[in-house]
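S.K.: One structure follows; several queries about it will come next.
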Amino acid sequence: MTERFTGSFTQQEPIPEAAIEAALTVMRHGRLHRYNTVGDDPGEVALLEQEFAALTGAQYCLAVASGGYALGCALRALDVGAGDQVLTNAFTLAPVPGAIAAVGAQPVFVEVTAQLTIDLDHLQKMIRDTGAKVLMLSHMRGHLCDMDALMAICDAAGVQVIEDCAHTMGAAWNGVPSGRHGVIGCYSTQTYKHMNSGEGGLLITDDAVLAAKAVILSGSYMLYERHLAAPAPEVFEGLKLDTPNVSGRMDNLRAAILRPQLQGLTEQCARWNERYQVVQDGLRDTPGLQVIHRPAPESFVGSSIQFLLPGWSGAKLRDLIARCGARGVELKWFGADQPIGFTSRYDHWRYAAPTALPQTDAVLAGLIDMRLPLTFSLEDCALIARIIRAEVSALYQAT
């Protein structure tokens, strides 16, 4: 009998009971706004910032309304504005070039490799050709490039790096947490990320001036002394009247939901990696299918998995997606002509006026992506791998 998977690829685990209780406490006292505190209670947002800074080893942390807001705030803190060129890797999601375009700057895309990371040779060329001084590096789908080599290139050229860590919270390169290589690291706590508050974001940095500007930008109303993971008040004095308020604060309700999740993040990351390993092992050595190599210095979080089908036609890839879908396995393809859900690509974003990137086009043409929610058991993951393997093998043998 043909096997079929019956689970949901979009169902997340329940919010932990400790987080539910914390949220109820906030709702019962009604002080949801981050600066609406009483007595010596710093509020849930300030405590979350302090705890996340400690987890990552950063000097400063700011909690905001979304990961996309964190990216925009980082650009504004670096004084990126109209007409500036900002480099970013071509394999990313719409909020990254969207944040760049939203401040009036021009996204400039850099080629990606078959390992789904930024092409460092092309990055060097684009730095020379454009003179860009900011790279918004997207660790797309949790894939980390050689961060030591990238930072050597950027430091030598005077390029400041913003890390988009939406898919790498809990990951590291050579033991250094994702988000700690560049001048600013940005994270997301949207439902499908590694902590779930529906929407939300975090920004970290060791630069006191950038941290102060970000706090003011987020809408501090000069209440920055109530932050626990911000610079000293005197850092704000020379900035507060020249930095606009672009309000995007996180509220105490979402912070209350996140703080217990932060305590369990390491364990959750290990559980994702168990599922990733089962699927990858099940797909390895499938004729016509190429798994993504993960280098030894990369400590990743396998909340999704990607594989390549090099040389497959669009018609055959659509057939594969339909056949797997009929058996309950939802695959996403980055080679479609039109954006579908979360799989838009660099040449779909016409506002960015992209130029053709043949290497990236070849990679995305055969790139398949799949979520791995923690609601899947290891047995589920083995079943999913068997279904994909069977359908890929059947189509590959038919050619």
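Here's how to read the names in the structure tokens: chain A, B, ... by the order shown, residue numbers from 1 in each chain, ligand numbers from 1 in the order shown.
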At most 9 Å is the cut-off: for each residue in stretch 121-193 of chain A with any atom that close to an atom of stretch 55-71 of chain A, write down the nearest atom pair and the distance in Å rounded to one decimal, counting only C-alpha atoms, chain first then increasing number, as JSON lines.

M.R.:
```
{"residue": "A:Met136", "atom": "CA", "partner": "A:Leu71", "partner_atom": "CA", "distance": 8.4}
{"residue": "A:Ile162", "atom": "CA", "partner": "A:Leu71", "partner_atom": "CA", "distance": 7.9}
{"residue": "A:Glu163", "atom": "CA", "partner": "A:Leu71", "partner_atom": "CA", "distance": 8.7}
{"residue": "A:Asp164", "atom": "CA", "partner": "A:Leu71", "partner_atom": "CA", "distance": 7.2}
{"residue": "A:Cys165", "atom": "CA", "partner": "A:Gly67", "partner_atom": "CA", "distance": 8.8}
{"residue": "A:Ala166", "atom": "CA", "partner": "A:Gly67", "partner_atom": "CA", "distance": 6.9}
{"residue": "A:Gly170", "atom": "CA", "partner": "A:Thr56", "partner_atom": "CA", "distance": 8.6}
{"residue": "A:Val176", "atom": "CA", "partner": "A:Thr56", "partner_atom": "CA", "distance": 8.7}
{"residue": "A:Pro177", "atom": "CA", "partner": "A:Thr56", "partner_atom": "CA", "distance": 6.3}
{"residue": "A:Ser178", "atom": "CA", "partner": "A:Thr56", "partner_atom": "CA", "distance": 8.3}
{"residue": "A:Gly179", "atom": "CA", "partner": "A:Thr56", "partner_atom": "CA", "distance": 8.1}
{"residue": "A:Arg180", "atom": "CA", "partner": "A:Ala58", "partner_atom": "CA", "distance": 7.2}
{"residue": "A:Gly185", "atom": "CA", "partner": "A:Leu71", "partner_atom": "CA", "distance": 8.6}
{"residue": "A:Cys186", "atom": "CA", "partner": "A:Ala70", "partner_atom": "CA", "distance": 5.7}
{"residue": "A:Tyr187", "atom": "CA", "partner": "A:Gly67", "partner_atom": "CA", "distance": 5.5}
{"residue": "A:Ser188", "atom": "CA", "partner": "A:Gly67", "partner_atom": "CA", "distance": 4.1}
{"residue": "A:Thr189", "atom": "CA", "partner": "A:Gly67", "partner_atom": "CA", "distance": 7.0}
{"residue": "A:Gln190", "atom": "CA", "partner": "A:Ser66", "partner_atom": "CA", "distance": 7.2}
```

S.K.: I want to know what sits within 8 Å of stretch 271-278 of chain A, based on only C-alpha atoms, with residues of the same chain fewer than 2 positions away left out; could you give that as a list in words?

M.R.: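 Counting only C-alpha atoms, the residues come to Glu267, Gln268, Cys269, Gln280, Asp281, Gly282, Phe300, Val301, Gly302, Ser303, Ser304, Ile305, Leu372, Pro373, Leu374, Phe376, Ser377, Leu378, Cys381, Ala382 and Ala385 of chain A.
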
S.K.: If you count only C-alpha atoms, which residues fall within 10 Å of A:Arg254, apart from same-chain ones fewer than 2 positions away, as a PDB file with N, CA and C atoms, in the first residue's frame?

M.R.:
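The result, stored in result_14.pdb:
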```pdb
ATOM      1  N   ALA A  19       4.649  30.115  29.686  1.00  0.00           N
ATOM      2  CA  ALA A  19       4.442  31.324  28.896  1.00  0.00           C
ATOM      3  C   ALA A  19       2.983  31.760  28.928  1.00  0.00           C
ATOM      4  N   ALA A  22       2.460  33.453  32.231  1.00  0.00           N
ATOM      5  CA  ALA A  22       3.081  34.785  32.222  1.00  0.00           C
ATOM      6  C   ALA A  22       2.224  35.767  31.434  1.00  0.00           C
ATOM      7  N   ALA A  23       1.669  35.306  30.302  1.00  0.00           N
ATOM      8  CA  ALA A  23       0.809  36.167  29.496  1.00  0.00           C
ATOM      9  C   ALA A  23      -0.467  36.526  30.254  1.00  0.00           C
ATOM     10  N   VAL A  26       0.197  39.327  32.695  1.00  0.00           N
ATOM     11  CA  VAL A  26       0.238  40.634  32.029  1.00  0.00           C
ATOM     12  C   VAL A  26      -1.179  41.096  31.689  1.00  0.00           C
ATOM     13  N   LEU A  32       0.304  46.432  29.210  1.00  0.00           N
ATOM     14  CA  LEU A  32       0.890  45.813  28.031  1.00  0.00           C
ATOM     15  C   LEU A  32       1.998  46.663  27.412  1.00  0.00           C
ATOM     16  N   GLU A  44       8.250  43.045  31.272  1.00  0.00           N
ATOM     17  CA  GLU A  44       8.658  41.838  30.563  1.00  0.00           C
ATOM     18  C   GLU A  44       9.603  42.134  29.393  1.00  0.00           C
ATOM     19  N   VAL A  45       9.389  43.240  28.693  1.00  0.00           N
ATOM     20  CA  VAL A  45      10.233  43.536  27.528  1.00  0.00           C
ATOM     21  C   VAL A  45      11.667  43.799  27.964  1.00  0.00           C
ATOM     22  N   LEU A  48      13.266  40.540  28.886  1.00  0.00           N
ATOM     23  CA  LEU A  48      13.583  39.737  27.705  1.00  0.00           C
ATOM     24  C   LEU A  48      14.849  40.247  27.034  1.00  0.00           C
ATOM     25  N   ALA A  63      14.065  44.849  21.844  1.00  0.00           N
ATOM     26  CA  ALA A  63      12.944  44.037  21.369  1.00  0.00           C
ATOM     27  C   ALA A  63      11.972  44.924  20.607  1.00  0.00           C
ATOM     28  N   ALA A  65       8.765  45.109  17.146  1.00  0.00           N
ATOM     29  CA  ALA A  65       7.495  44.550  16.717  1.00  0.00           C
ATOM     30  C   ALA A  65       7.615  43.396  15.733  1.00  0.00           C
ATOM     31  N   THR A 189      10.721  36.627  15.809  1.00  0.00           N
ATOM     32  CA  THR A 189       9.967  35.694  16.644  1.00  0.00           C
ATOM     33  C   THR A 189       8.575  35.474  16.054  1.00  0.00           C
ATOM     34  N   ASN A 196       8.182  31.729  19.254  1.00  0.00           N
ATOM     35  CA  ASN A 196       6.903  32.081  18.644  1.00  0.00           C
ATOM     36  C   ASN A 196       6.124  33.077  19.494  1.00  0.00           C
ATOM     37  N   SER A 197       6.014  34.321  18.989  1.00  0.00           N
ATOM     38  CA  SER A 197       5.112  35.297  19.615  1.00  0.00           C
ATOM     39  C   SER A 197       4.136  35.843  18.577  1.00  0.00           C
ATOM     40  N   GLY A 198       3.946  35.104  17.502  1.00  0.00           N
ATOM     41  CA  GLY A 198       3.089  35.560  16.415  1.00  0.00           C
ATOM     42  C   GLY A 198       3.847  36.494  15.497  1.00  0.00           C
ATOM     43  N   GLU A 199       4.222  37.643  16.003  1.00  0.00           N
ATOM     44  CA  GLU A 199       5.154  38.577  15.376  1.00  0.00           C
ATOM     45  C   GLU A 199       6.075  39.106  16.467  1.00  0.00           C
ATOM     46  N   GLY A 200       7.240  39.544  16.056  1.00  0.00           N
ATOM     47  CA  GLY A 200       8.177  40.111  17.019  1.00  0.00           C
ATOM     48  C   GLY A 200       9.584  40.053  16.475  1.00  0.00           C
ATOM     49  N   MET A 250       8.214  46.278  20.980  1.00  0.00           N
ATOM     50  CA  MET A 250       7.530  45.076  21.421  1.00  0.00           C
ATOM     51  C   MET A 250       6.726  45.404  22.674  1.00  0.00           C
ATOM     52  N   ASP A 251       5.632  44.689  22.891  1.00  0.00           N
ATOM     53  CA  ASP A 251       4.811  44.906  24.087  1.00  0.00           C
ATOM     54  C   ASP A 251       5.080  43.819  25.126  1.00  0.00           C
ATOM     55  N   ASN A 252       4.636  44.078  26.338  1.00  0.00           N
ATOM     56  CA  ASN A 252       4.901  43.158  27.446  1.00  0.00           C
ATOM     57  C   ASN A 252       4.219  41.805  27.277  1.00  0.00           C
ATOM     58  N   ALA A 256       6.321  38.413  27.464  1.00  0.00           N
ATOM     59  CA  ALA A 256       5.988  37.412  28.477  1.00  0.00           C
ATOM     60  C   ALA A 256       5.878  36.021  27.862  1.00  0.00           C
ATOM     61  N   ILE A 257       5.357  35.952  26.643  1.00  0.00           N
ATOM     62  CA  ILE A 257       5.249  34.670  25.944  1.00  0.00           C
ATOM     63  C   ILE A 257       6.630  34.141  25.552  1.00  0.00           C
ATOM     64  N   LEU A 258       7.544  35.063  25.249  1.00  0.00           N
ATOM     65  CA  LEU A 258       8.855  34.661  24.737  1.00  0.00           C
ATOM     66  C   LEU A 258       9.854  34.257  25.821  1.00  0.00           C
ATOM     67  N   ARG A 259       9.786  34.862  26.987  1.00  0.00           N
ATOM     68  CA  ARG A 259      10.829  34.611  27.985  1.00  0.00           C
ATOM     69  C   ARG A 259      10.941  33.140  28.387  1.00  0.00           C
TER      70      ARG A 259
END
```

S.K.: Would you pick out the contacts of stretch 102-116 of chain A at 7 Å or less, using only C-alpha atoms, so that residues sharing its chain but fewer than 6 positions from it are not included, and give the list as a ChimeraX atom specification?

M.R.: /A:80-91,122-123,143,292-293,352,357,359-360,363

S.K.: Got a sec: who's within 9 Å of A:Ala157, counting only C-alpha atoms, leaving out chain neighbours fewer than 6 positions off, as JSON, numbers by chain?

M.R.: {"A": [124, 127, 128, 131, 133]}

S.K.: Would you mind listing what lies within 8 Å of A:His227 as a list of chain:residue names, with only C-alpha atoms counted and same-chain residues fewer than 3 positions away left out?

M.R.: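 Result of the neighbour search: A:Pro42, A:Ala46, A:Tyr224, A:Ala230.
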
S.K.: DSSP says strand (DSSP E or B) for which residues of stretch 84-174 of chain A? Put them as a list in words?

M.R.: Gln85, Val86, Leu87, Thr88, Asn89, Gln106, Pro107, Val108, Phe109, Val110, Val112, Ile118, Val134, Leu135, Met136, Leu137, Ser138, Gln160, Val161, Ile162, Glu163, Asp164, Ala172 and Trp173 of chain A

S.K.: Residues within 12 Å of A:Leu223, please, as a list of chain:residue names. Count only C-alpha atoms; anything in the same chain fewer than 6 positions from it doesn't count.

M.R.: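 Those residues are A:Arg34, A:Tyr35, A:Asn36, A:Thr37, A:Pro42, A:Ala46, A:Ala212, A:Val215, A:Ile216, A:Ala230, A:Pro233, A:Phe236, A:Lys240.
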
S.K.: Which distance in Å separates atom CA of A:Thr25 and atom CA of A:Leu265, to one decimal?

M.R.: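 That distance, rounded to one decimal, is 22.3 Å.
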